[in-house]
Amino acid sequence: MSRIIVGPFNRVEGDLEVRLDIEAEQVREAWVNVPLYRGFEQILAGKAPMDALAITPRICGICSIAQSTAAAGALAAAQNIAMPPNGAIATNLILAAENLADHFTHFYLFFMPDFARPIYADAPWFPAISARFQAMAGSAAREVLAARADLLHLTGLLAGKWPHTLAIQPGGTTRAVVAHERAHLSAILAGFRRYLETRTFGDCLEAIAAIDSMEELRAWMAARPPHASDLAMFLQVADHLCLERLGRASDRFMSYGAYRQDGRHLFAAGIWDGGVEKLAVEAITEDISHAWMTGIAEPVHPRDGVTMPDAEQPQAYTWCKAPRLGGKVVEVGALARQMVDGHPLIQDLVAESGGNVRNRVIARLLELARVLIAMEHWVRAIRPGAPFCHSGTMPGEAEGVGLVEAARGSLGHWLRIHDGRILTYQIVAPTTWNFSPRDRNGVPGALEQALVGAPVRPGERSPIAVQHIVRSFDPCMVCTVH
Amino acid sequence: MKVLWLQSGGCGGCSMSLLCAEGPDLISALELAGIRLLWHPSLSEAGAHELADLLETIIVGDEPLDILCVEGSLLRGPHRTGRFHVLAGTDVPMIDWVRRLAAKARYCVGVGTCAAFGGVTTAGPNPTDACGLQYDGSQKGGALGVGYRSLADLPVVNIAGCPIHPNWVIDTFRLLAAGEMDASDLDEFGRPRLYADHLVHHGCPRNEFYEYKASAQEHSQLGCLMEHLGCLGTQAHADCNARLWNGAGSCIRGGYACINCTAPEFEEPGHAFQYTPKIAGIPVGLPTDMPKAWFVALSSLAKAATPERLKRNAVADHAVVPPGGKAPRGGKI
């Protein structure tokens, strides 16, 4: 048996290290270390509650809007106010723009370039993949950066800028939209639709969203040449490398529910554990048994959580706490969202092969189609002239929870206010779930489970299969520990 | 020019903002500026041990380094060990890597307010003992020390901003590559004057409201954000309302206050963000270079003369009174 340490992982957000025990050319056991601690939960304590709107987005430059939205949600709960319909629509549009930009960036700039690496030079698909997806040099990179920048014009209009906006307030958004600006928003979405339909999918978004089984996906593939679109190229690579056999974790999925409007979510909230169950947010705990943390030894609900770093903890190997739902490991992200929402294609894929590298990527691409279609409806539902923002007053004593779905999964903020100041502020981010360390029972987190069995080629110092699995989660390490 | 870009104790948002460069896209812009990325965490193919190998070749002098870009604050804690951020796979604290690499760089660039001054990571109790490359808040010093000069004899170039505008970075690269940036092109905090010689107030679309002290009372209203909602645009050094963000945006155009994010210690304004502290009804933070008595006198005069249109529009979320074609009634002097 040998042990290797892999890191830093580039083309993920933030810093990550993975320790691997390798036996018989396979990963036998994995430990995931998040090696950066900044202390946002300590920074927030004692601040004026509304300052969370300025501070929490700066936890993360890629999930900035998700952080804003969770903070605004927690503050709105504390103030007991709700957004007017226009404010809720604008918030969802801004959040969706970030989430889609993240899915898009992940596929083209973070994930696919690995298949253009020299290790695959002998694969039959390599010349085409390399020409299209090679990091920086492939034909996709420039196009994709331009299309992404165009999409994010939506945030320029509705949120001033991206990342790090103050446009999302507990009572709505700060930027009202008049009729011609609503038309401009539609034009921005039309531009992104055009890119997705011509290059990413080679098909209309509605057709992609309607694919409802593996059989139909295969038929879709068979009906067009392998280089017809980027999705088709990915599916060809996935088949050849059997990516559906790589990176299976616990197959227990969670979603807080995405894009709430008019009292319901576009994508439902819940748990999938062999079937859909109701989400019990009260069953969430965080455990510090393997983190460089001190404080409450028992796993506690984030409302009661504290964050006290201690680099000397003997059992620890990461700054990341171990969140659990009812004591169990869950996976979050696009795949989890689409499973919980019951999308037939994703349910069929997971029934066949579980949560894995291929299925996580397909779920993300599916969301590009499904969410953009929804955004077009939302823009049409904006009512110029009607209010975008209500004001509230902050009680001296209050509590609040803000739950949102970031691109990479479930993000929660738990806030307690005492004497007009923040008493505690606890954040559990998507990659805190996915890249959790072992808990007090020794149960490894989702990525730690997903890496077991990954093939390691002789002499590999940074095994390529490990890189595919890590990136398939679209991790955000700066959110993970914050 | 060969550029190495490292992410230290930050959020990665400056890289994410940089990817929004347009006219042309980032890759084309770098190419046109003659910039080659030796490594960037979001863009490069190589990673893991290949990066560690690259850093070593730079430190031993086998690979010349033209520009070292650092994004994120430098973490000195706990207890001066730097172990709040150990660069993955190396067991060496990031702050130590940065010190070694900075000694080999022709230019050292702090990208974003965290790398420049410490930024939001230093807020509150500064749990990680974070600082900037050459500043600790507004005090000189930081990770590299007061006396640091890069090989080209410049102090750290501080492209402060939370986040940076993509073109602040690209313009700085262009000038450095052309040999057209020297110490006189940096302001008192080492910020490139190409953007720091402006105020956010310049080009503010709410200027007319500012002139007549017609103020927004609540979020989403159109009036000036200075009097009640904490806007620091008249003091903030940046060209955000001239060089727009994500198409046609800026914080103020987005309806919320400028929080002066290019300044050292913006993270601790001494009061809540989005709130204007006042003494006897006068905002305490006035434009930097205006005598207070004059400001008060002009403000009272302006308030007395505020046209009805601005009064009403200031507290609405869309213009309810359009500009008239002729002088308003009672407007004769």
# chains A, B, ... in the order shown; residues from 1 in each chain; ligands from 1
call {"tool": "select_by_dssp", "arguments": {"residues": "segment 162-309 of chain B", "states": "strand (DSSP E or B)", "output": "ChimeraX atom specification"}}
result
/B:186,192,199,215,224,237,245,249,278-279,282-283
call {"tool": "closest_atom_pairs", "arguments": {"of": "chain A", "to": "chain B", "cutoff": "6 Å", "atoms": "only C-alpha atoms", "output": "JSON lines"}}
result
{"residue": "A:Ile5", "atom": "CA", "partner": "B:Gly89", "partner_atom": "CA", "distance": 6.0}
{"residue": "A:Val6", "atom": "CA", "partner": "B:Gly89", "partner_atom": "CA", "distance": 5.7}
{"residue": "A:Gly7", "atom": "CA", "partner": "B:Ala48", "partner_atom": "CA", "distance": 4.3}
{"residue": "A:Pro8", "atom": "CA", "partner": "B:Ala88", "partner_atom": "CA", "distance": 4.6}
{"residue": "A:Phe9", "atom": "CA", "partner": "B:Ala48", "partner_atom": "CA", "distance": 5.6}
{"residue": "A:Asn10", "atom": "CA", "partner": "B:Pro41", "partner_atom": "CA", "distance": 4.7}
{"residue": "A:Arg11", "atom": "CA", "partner": "B:Ser42", "partner_atom": "CA", "distance": 4.4}
{"residue": "A:Leu16", "atom": "CA", "partner": "B:Ala88", "partner_atom": "CA", "distance": 5.8}
{"residue": "A:Glu17", "atom": "CA", "partner": "B:Ala88", "partner_atom": "CA", "distance": 4.9}
{"residue": "A:Pro35", "atom": "CA", "partner": "B:His85", "partner_atom": "CA", "distance": 5.6}
{"residue": "A:Leu36", "atom": "CA", "partner": "B:His85", "partner_atom": "CA", "distance": 4.4}
{"residue": "A:Tyr37", "atom": "CA", "partner": "B:Phe84", "partner_atom": "CA", "distance": 5.2}
{"residue": "A:Gly39", "atom": "CA", "partner": "B:Pro127", "partner_atom": "CA", "distance": 5.8}
{"residue": "A:Ile43", "atom": "CA", "partner": "B:Gly124", "partner_atom": "CA", "distance": 4.7}
{"residue": "A:Asp51", "atom": "CA", "partner": "B:Phe273", "partner_atom": "CA", "distance": 5.9}
{"residue": "A:Ile59", "atom": "CA", "partner": "B:Cys11", "partner_atom": "CA", "distance": 5.6}
{"residue": "A:Cys60", "atom": "CA", "partner": "B:Cys11", "partner_atom": "CA", "distance": 4.4}
{"residue": "A:Gly61", "atom": "CA", "partner": "B:Gly13", "partner_atom": "CA", "distance": 3.3}
{"residue": "A:Ala135", "atom": "CA", "partner": "B:Glu45", "partner_atom": "CA", "distance": 5.2}
{"residue": "A:Ala146", "atom": "CA", "partner": "B:Asp25", "partner_atom": "CA", "distance": 5.7}
{"residue": "A:Ala149", "atom": "CA", "partner": "B:Cys20", "partner_atom": "CA", "distance": 4.8}
{"residue": "A:His153", "atom": "CA", "partner": "B:Asn246", "partner_atom": "CA", "distance": 4.8}
{"residue": "A:Gly156", "atom": "CA", "partner": "B:Gly249", "partner_atom": "CA", "distance": 4.2}
{"residue": "A:Leu157", "atom": "CA", "partner": "B:Gly249", "partner_atom": "CA", "distance": 5.7}
{"residue": "A:Ala159", "atom": "CA", "partner": "B:Gly254", "partner_atom": "CA", "distance": 5.0}
{"residue": "A:Gly160", "atom": "CA", "partner": "B:Gly254", "partner_atom": "CA", "distance": 3.7}
{"residue": "A:Lys161", "atom": "CA", "partner": "B:Trp245", "partner_atom": "CA", "distance": 5.6}
{"residue": "A:Thr174", "atom": "CA", "partner": "B:Ser220", "partner_atom": "CA", "distance": 3.8}
{"residue": "A:Arg175", "atom": "CA", "partner": "B:Gly255", "partner_atom": "CA", "distance": 5.1}
{"residue": "A:Ala176", "atom": "CA", "partner": "B:Asp317", "partner_atom": "CA", "distance": 5.9}
{"residue": "A:Val478", "atom": "CA", "partner": "B:Cys11", "partner_atom": "CA", "distance": 5.9}
call {"tool": "residues_around", "arguments": {"residues": "segment 108-114 of chain B", "least_positions_apart": "3", "cutoff": "9 Å", "atoms": "only C-alpha atoms", "output": "ChimeraX atom specification"}}
result
/B:9-10,13-15,66-74,102,105,117-122,130-134,149-151,154-164,169,261-264,266
call {"tool": "residues_around", "arguments": {"residues": "Arg99 of chain B", "least_positions_apart": "4", "cutoff": "10 Å", "atoms": "only C-alpha atoms", "output": "PyMOL selection string"}}
result
chain B and resi 94-95+103-104+133+143-145
call {"tool": "write_last_selection", "arguments": {"atoms": "C-alpha atoms", "output": "CSV table (one decimal), in the first residue's frame"}}
result
chain,number,residue,atom,x,y,z
B,94,MET,CA,1.0,30.3,1.6
B,95,ILE,CA,2.5,33.4,3.2
B,103,ALA,CA,11.8,38.1,-4.0
B,104,LYS,CA,12.1,36.7,-7.5
B,133,LEU,CA,1.1,42.2,0.9
B,143,ALA,CA,3.5,40.4,4.7
B,144,LEU,CA,6.4,41.7,2.7
B,145,GLY,CA,7.3,44.7,4.9
call {"tool": "atom_distance", "arguments": {"atom1": "atom CA of Glu41 of chain A", "atom2": "atom CA of Glu405 of chain A"}}
result
20.0 Å
call {"tool": "residues_around", "arguments": {"residues": "Gly223 of chain B", "least_positions_apart": "3", "cutoff": "6 Å", "atoms": "only C-alpha atoms", "output": "NGL selection string"}}
result
:B and (209 or 214-216 or 314)
call {"tool": "write_last_selection", "arguments": {"atoms": "N, CA and C atoms", "output": "short mmCIF file (atom, residue, chain, number, x, y, z; two decimals), in the first residue's frame"}}
result
data_model
loop_
_atom_site.label_atom_id
_atom_site.label_comp_id
_atom_site.auth_asym_id
_atom_site.auth_seq_id
_atom_site.Cartn_x
_atom_site.Cartn_y
_atom_site.Cartn_z
N PHE B 209 -29.60 64.54 -8.14
CA PHE B 209 -30.18 64.40 -6.80
C PHE B 209 -29.19 64.87 -5.73
N ALA B 214 -31.56 65.84 -2.81
CA ALA B 214 -32.83 65.11 -2.89
C ALA B 214 -32.47 63.64 -2.65
N SER B 215 -32.78 63.16 -1.46
CA SER B 215 -32.21 61.88 -1.02
C SER B 215 -33.22 60.75 -1.01
N ALA B 216 -32.72 59.56 -1.31
CA ALA B 216 -33.52 58.35 -1.13
C ALA B 216 -33.68 58.11 0.37
N ALA B 314 -36.95 61.36 -6.12
CA ALA B 314 -35.94 60.86 -5.17
C ALA B 314 -36.50 59.75 -4.29
#
call {"tool": "residues_around", "arguments": {"residues": "Leu235 of chain A", "least_positions_apart": "5", "cutoff": "12 Å", "atoms": "only C-alpha atoms", "output": "ChimeraX atom specification"}}
result
/A:112,125,129,200-201,214,217-218,220-222,224-230,240-244,357-359,361-362,365
call {"tool": "write_last_selection", "arguments": {"atoms": "C-alpha atoms", "output": "short mmCIF file (atom, residue, chain, number, x, y, z; two decimals), in the first residue's frame"}}
result
data_model
loop_
_atom_site.label_atom_id
_atom_site.label_comp_id
_atom_site.auth_asym_id
_atom_site.auth_seq_id
_atom_site.Cartn_x
_atom_site.Cartn_y
_atom_site.Cartn_z
CA MET A 112 -13.79 19.34 -19.69
CA TRP A 125 -11.91 11.30 -29.45
CA ILE A 129 -11.83 17.18 -27.62
CA THR A 200 -23.69 23.42 -25.96
CA PHE A 201 -26.67 21.28 -26.95
CA MET A 214 -31.41 6.91 -20.62
CA LEU A 217 -30.74 10.11 -24.32
CA ARG A 218 -29.07 7.28 -26.26
CA TRP A 220 -30.70 11.52 -29.02
CA MET A 221 -26.99 10.72 -29.26
CA ALA A 222 -27.49 8.23 -32.06
CA ARG A 224 -26.54 13.12 -34.54
CA PRO A 225 -22.83 12.98 -35.29
CA PRO A 226 -20.60 12.84 -32.20
CA HIS A 227 -19.22 16.33 -32.82
CA ALA A 228 -22.60 17.96 -33.33
CA SER A 229 -22.52 19.68 -29.96
CA ASP A 230 -20.53 19.89 -26.76
CA HIS A 240 -15.67 5.57 -23.69
CA LEU A 241 -14.24 6.16 -20.21
CA CYS A 242 -17.23 4.66 -18.38
CA LEU A 243 -17.60 7.81 -16.27
CA GLU A 244 -20.81 6.35 -14.85
CA VAL A 357 -19.18 11.66 -12.45
CA ARG A 358 -21.27 11.34 -15.62
CA ASN A 359 -24.62 11.84 -13.95
CA VAL A 361 -22.37 16.56 -15.24
CA ILE A 362 -25.56 15.65 -17.10
CA LEU A 365 -26.28 20.64 -18.19
#
call {"tool": "closest_residue", "arguments": {"among": "A:Gly326, A:Gly172, A:Gly274, A:Gly396", "to": "Glu286 of chain A", "atoms": "only C-alpha atoms"}}
result
A:Gly326
call {"tool": "atom_distance", "arguments": {"atom1": "atom CA of Ala465 of chain A", "atom2": "atom CA of Val340 of chain A"}}
result
27.4 Å
call {"tool": "closest_atom_pairs", "arguments": {"of": "segment 355-376 of chain A", "to": "segment 252-260 of chain A", "cutoff": "12 Å", "atoms": "only C-alpha atoms", "output": "CSV"}}
result
residue,atom,partner,partner_atom,distance
A:Gly355,CA,A:Arg252,CA,8.8
A:Arg360,CA,A:Phe253,CA,11.9
A:Glu367,CA,A:Ala258,CA,11.3
A:Val371,CA,A:Tyr259,CA,9.5
A:Ala374,CA,A:Tyr259,CA,9.8
A:Met375,CA,A:Tyr259,CA,10.1
call {"tool": "write_last_selection", "arguments": {"atoms": "C-alpha atoms", "output": "JSON list (two decimals), in the first residue's frame"}}
result
[["chain", "number", "residue", "atom", "x", "y", "z"],
["A", 355, "GLY", "CA", -24.64, 9.35, -8.31],
["A", 360, "ARG", "CA", -23.48, 14.90, -12.00],
["A", 367, "GLU", "CA", -30.29, 22.65, -15.33],
["A", 371, "VAL", "CA", -33.50, 27.17, -15.49],
["A", 374, "ALA", "CA", -37.88, 29.44, -16.28],
["A", 375, "MET", "CA", -35.94, 32.71, -16.31]]
call {"tool": "residues_around", "arguments": {"residues": "Ala190 of chain A", "least_positions_apart": "6", "cutoff": "12 Å", "atoms": "only C-alpha atoms", "output": "list in words"}}
result
Ala147, Asp150, Leu151, Leu154, Ala183, His184, Leu196, Glu197, Leu205, Leu372, Ile373, Met375, Glu376 and Val379 of chain A
call {"tool": "closest_residue", "arguments": {"among": "A:Pro302, A:Gly191, A:Gly46, A:Gly14", "to": "Val401 of chain A", "atoms": "only C-alpha atoms"}}
result
A:Pro302
call {"tool": "select_by_dssp", "arguments": {"residues": "segment 246-440 of chain A", "states": "alpha helix (DSSP H)", "output": "number ranges by chain"}}
result
A: 334-341, 344-353, 357-381, 430-434
call {"tool": "write_last_selection", "arguments": {"atoms": "C-alpha atoms", "output": "PDB file, in the first residue's frame"}}
result
ATOM      1  CA  ALA A 334     -27.555  19.780  -9.369  1.00  0.00           C
ATOM      2  CA  LEU A 335     -27.883  15.997  -9.381  1.00  0.00           C
ATOM      3  CA  ALA A 336     -29.422  16.048  -5.900  1.00  0.00           C
ATOM      4  CA  ARG A 337     -31.793  18.887  -6.874  1.00  0.00           C
ATOM      5  CA  GLN A 338     -33.003  17.108  -9.978  1.00  0.00           C
ATOM      6  CA  MET A 339     -33.393  13.802  -8.114  1.00  0.00           C
ATOM      7  CA  VAL A 340     -35.450  15.420  -5.376  1.00  0.00           C
ATOM      8  CA  ASP A 341     -37.456  17.336  -7.963  1.00  0.00           C
ATOM      9  CA  PRO A 344     -37.346  11.534 -15.083  1.00  0.00           C
ATOM     10  CA  LEU A 345     -34.010  11.473 -16.930  1.00  0.00           C
ATOM     11  CA  ILE A 346     -31.999  12.033 -13.758  1.00  0.00           C
ATOM     12  CA  GLN A 347     -34.068   9.505 -11.810  1.00  0.00           C
ATOM     13  CA  ASP A 348     -33.504   6.967 -14.566  1.00  0.00           C
ATOM     14  CA  LEU A 349     -29.742   7.625 -14.681  1.00  0.00           C
ATOM     15  CA  VAL A 350     -29.391   7.309 -10.912  1.00  0.00           C
ATOM     16  CA  ALA A 351     -31.559   4.164 -10.823  1.00  0.00           C
ATOM     17  CA  GLU A 352     -29.178   2.637 -13.344  1.00  0.00           C
ATOM     18  CA  SER A 353     -25.790   3.762 -12.014  1.00  0.00           C
ATOM     19  CA  VAL A 357     -19.180  11.658 -12.448  1.00  0.00           C
ATOM     20  CA  ARG A 358     -21.270  11.341 -15.621  1.00  0.00           C
ATOM     21  CA  ASN A 359     -24.625  11.838 -13.953  1.00  0.00           C
ATOM     22  CA  ARG A 360     -23.484  14.905 -12.004  1.00  0.00           C
ATOM     23  CA  VAL A 361     -22.366  16.556 -15.241  1.00  0.00           C
ATOM     24  CA  ILE A 362     -25.562  15.651 -17.104  1.00  0.00           C
ATOM     25  CA  ALA A 363     -27.676  17.074 -14.264  1.00  0.00           C
ATOM     26  CA  ARG A 364     -25.784  20.355 -14.425  1.00  0.00           C
ATOM     27  CA  LEU A 365     -26.279  20.638 -18.194  1.00  0.00           C
ATOM     28  CA  LEU A 366     -29.954  19.774 -17.800  1.00  0.00           C
ATOM     29  CA  GLU A 367     -30.293  22.645 -15.334  1.00  0.00           C
ATOM     30  CA  LEU A 368     -28.801  25.047 -17.871  1.00  0.00           C
ATOM     31  CA  ALA A 369     -31.805  24.231 -20.064  1.00  0.00           C
ATOM     32  CA  ARG A 370     -34.498  24.022 -17.387  1.00  0.00           C
ATOM     33  CA  VAL A 371     -33.499  27.167 -15.491  1.00  0.00           C
ATOM     34  CA  LEU A 372     -33.070  29.357 -18.559  1.00  0.00           C
ATOM     35  CA  ILE A 373     -36.579  28.454 -19.724  1.00  0.00           C
ATOM     36  CA  ALA A 374     -37.879  29.437 -16.280  1.00  0.00           C
ATOM     37  CA  MET A 375     -35.943  32.713 -16.313  1.00  0.00           C
ATOM     38  CA  GLU A 376     -37.631  33.717 -19.549  1.00  0.00           C
ATOM     39  CA  HIS A 377     -41.012  33.294 -17.845  1.00  0.00           C
ATOM     40  CA  TRP A 378     -39.890  35.247 -14.783  1.00  0.00           C
ATOM     41  CA  VAL A 379     -38.771  38.212 -16.867  1.00  0.00           C
ATOM     42  CA  ARG A 380     -42.200  38.340 -18.487  1.00  0.00           C
ATOM     43  CA  ALA A 381     -43.790  38.282 -15.018  1.00  0.00           C
ATOM     44  CA  PRO A 430     -22.744  23.035  -0.297  1.00  0.00           C
ATOM     45  CA  THR A 431     -19.176  21.786  -0.371  1.00  0.00           C
ATOM     46  CA  THR A 432     -19.175  21.574   3.436  1.00  0.00           C
ATOM     47  CA  TRP A 433     -21.653  18.738   2.816  1.00  0.00           C
ATOM     48  CA  ASN A 434     -19.909  17.172  -0.164  1.00  0.00           C
TER      49      ASN A 434
END
call {"tool": "atom_distance", "arguments": {"atom1": "atom CA of Val60 of chain B", "atom2": "atom CA of Ala152 of chain B"}}
result
18.4 Å
call {"tool": "closest_residue", "arguments": {"among": "B:Met1, B:Ala293, B:Val146, B:Ile35", "to": "Ile170 of chain B", "atoms": "only C-alpha atoms"}}
result
B:Ile35
call {"tool": "decode", "arguments": {"residues": "segment 205-274 of chain A", "atoms": "C-alpha atoms", "output": "mmCIF file, in the first residue's frame"}}
result
data_model
loop_
_atom_site.group_PDB
_atom_site.id
_atom_site.type_symbol
_atom_site.label_atom_id
_atom_site.label_comp_id
_atom_site.auth_asym_id
_atom_site.auth_seq_id
_atom_site.Cartn_x
_atom_site.Cartn_y
_atom_site.Cartn_z
ATOM 1 C CA LEU A 205 -33.665 23.841 -24.717
ATOM 2 C CA GLU A 206 -37.176 22.424 -24.531
ATOM 3 C CA ALA A 207 -36.045 19.261 -26.333
ATOM 4 C CA ILE A 208 -33.140 18.807 -23.900
ATOM 5 C CA ALA A 209 -35.359 19.364 -20.855
ATOM 6 C CA ALA A 210 -37.832 16.810 -22.227
ATOM 7 C CA ILE A 211 -35.384 13.904 -22.534
ATOM 8 C CA ASP A 212 -36.871 11.565 -19.961
ATOM 9 C CA SER A 213 -34.810 8.372 -19.912
ATOM 10 C CA MET A 214 -31.405 6.912 -20.624
ATOM 11 C CA GLU A 215 -32.917 5.190 -23.626
ATOM 12 C CA GLU A 216 -34.095 8.496 -25.019
ATOM 13 C CA LEU A 217 -30.737 10.106 -24.323
ATOM 14 C CA ARG A 218 -29.073 7.281 -26.263
ATOM 15 C CA ALA A 219 -31.495 7.799 -29.109
ATOM 16 C CA TRP A 220 -30.705 11.524 -29.021
ATOM 17 C CA MET A 221 -26.992 10.716 -29.256
ATOM 18 C CA ALA A 222 -27.490 8.230 -32.065
ATOM 19 C CA ALA A 223 -29.473 10.739 -34.102
ATOM 20 C CA ARG A 224 -26.544 13.119 -34.543
ATOM 21 C CA PRO A 225 -22.830 12.978 -35.292
ATOM 22 C CA PRO A 226 -20.598 12.844 -32.199
ATOM 23 C CA HIS A 227 -19.220 16.331 -32.818
ATOM 24 C CA ALA A 228 -22.595 17.957 -33.331
ATOM 25 C CA SER A 229 -22.521 19.681 -29.960
ATOM 26 C CA ASP A 230 -20.532 19.891 -26.759
ATOM 27 C CA LEU A 231 -23.052 17.715 -24.920
ATOM 28 C CA ALA A 232 -22.719 15.065 -27.622
ATOM 29 C CA MET A 233 -18.934 15.230 -27.339
ATOM 30 C CA PHE A 234 -19.105 14.830 -23.571
ATOM 31 C CA LEU A 235 -21.454 11.847 -23.815
ATOM 32 C CA GLN A 236 -19.078 10.175 -26.242
ATOM 33 C CA VAL A 237 -16.155 10.619 -23.821
ATOM 34 C CA ALA A 238 -18.292 9.531 -20.872
ATOM 35 C CA ASP A 239 -19.211 6.310 -22.674
ATOM 36 C CA HIS A 240 -15.665 5.569 -23.693
ATOM 37 C CA LEU A 241 -14.235 6.158 -20.206
ATOM 38 C CA CYS A 242 -17.232 4.663 -18.378
ATOM 39 C CA LEU A 243 -17.604 7.808 -16.270
ATOM 40 C CA GLU A 244 -20.808 6.349 -14.850
ATOM 41 C CA ARG A 245 -18.647 3.911 -12.882
ATOM 42 C CA LEU A 246 -16.583 6.654 -11.291
ATOM 43 C CA GLY A 247 -17.226 8.591 -8.108
ATOM 44 C CA ARG A 248 -20.282 7.056 -6.483
ATOM 45 C CA ALA A 249 -20.946 8.351 -2.965
ATOM 46 C CA SER A 250 -23.825 7.657 -0.570
ATOM 47 C CA ASP A 251 -26.660 8.086 -3.115
ATOM 48 C CA ARG A 252 -28.585 10.045 -0.498
ATOM 49 C CA PHE A 253 -29.501 13.439 -1.887
ATOM 50 C CA MET A 254 -30.716 16.692 -0.364
ATOM 51 C CA SER A 255 -32.137 19.924 -1.738
ATOM 52 C CA TYR A 256 -33.448 22.945 0.177
ATOM 53 C CA GLY A 257 -35.633 23.733 -2.828
ATOM 54 C CA ALA A 258 -34.555 26.202 -5.503
ATOM 55 C CA TYR A 259 -36.028 29.524 -6.687
ATOM 56 C CA ARG A 260 -38.960 30.188 -4.377
ATOM 57 C CA GLN A 261 -41.721 32.369 -5.750
ATOM 58 C CA ASP A 262 -45.409 32.659 -4.882
ATOM 59 C CA GLY A 263 -44.941 30.236 -1.996
ATOM 60 C CA ARG A 264 -43.476 27.400 -4.041
ATOM 61 C CA HIS A 265 -40.111 26.340 -5.458
ATOM 62 C CA LEU A 266 -39.225 25.809 -9.108
ATOM 63 C CA PHE A 267 -37.290 22.724 -7.949
ATOM 64 C CA ALA A 268 -38.785 21.016 -4.910
ATOM 65 C CA ALA A 269 -37.209 20.745 -1.473
ATOM 66 C CA GLY A 270 -36.648 17.321 0.039
ATOM 67 C CA ILE A 271 -34.478 14.288 0.579
ATOM 68 C CA TRP A 272 -34.007 11.370 -1.742
ATOM 69 C CA ASP A 273 -33.048 8.188 0.060
ATOM 70 C CA GLY A 274 -34.419 5.449 -2.128
#
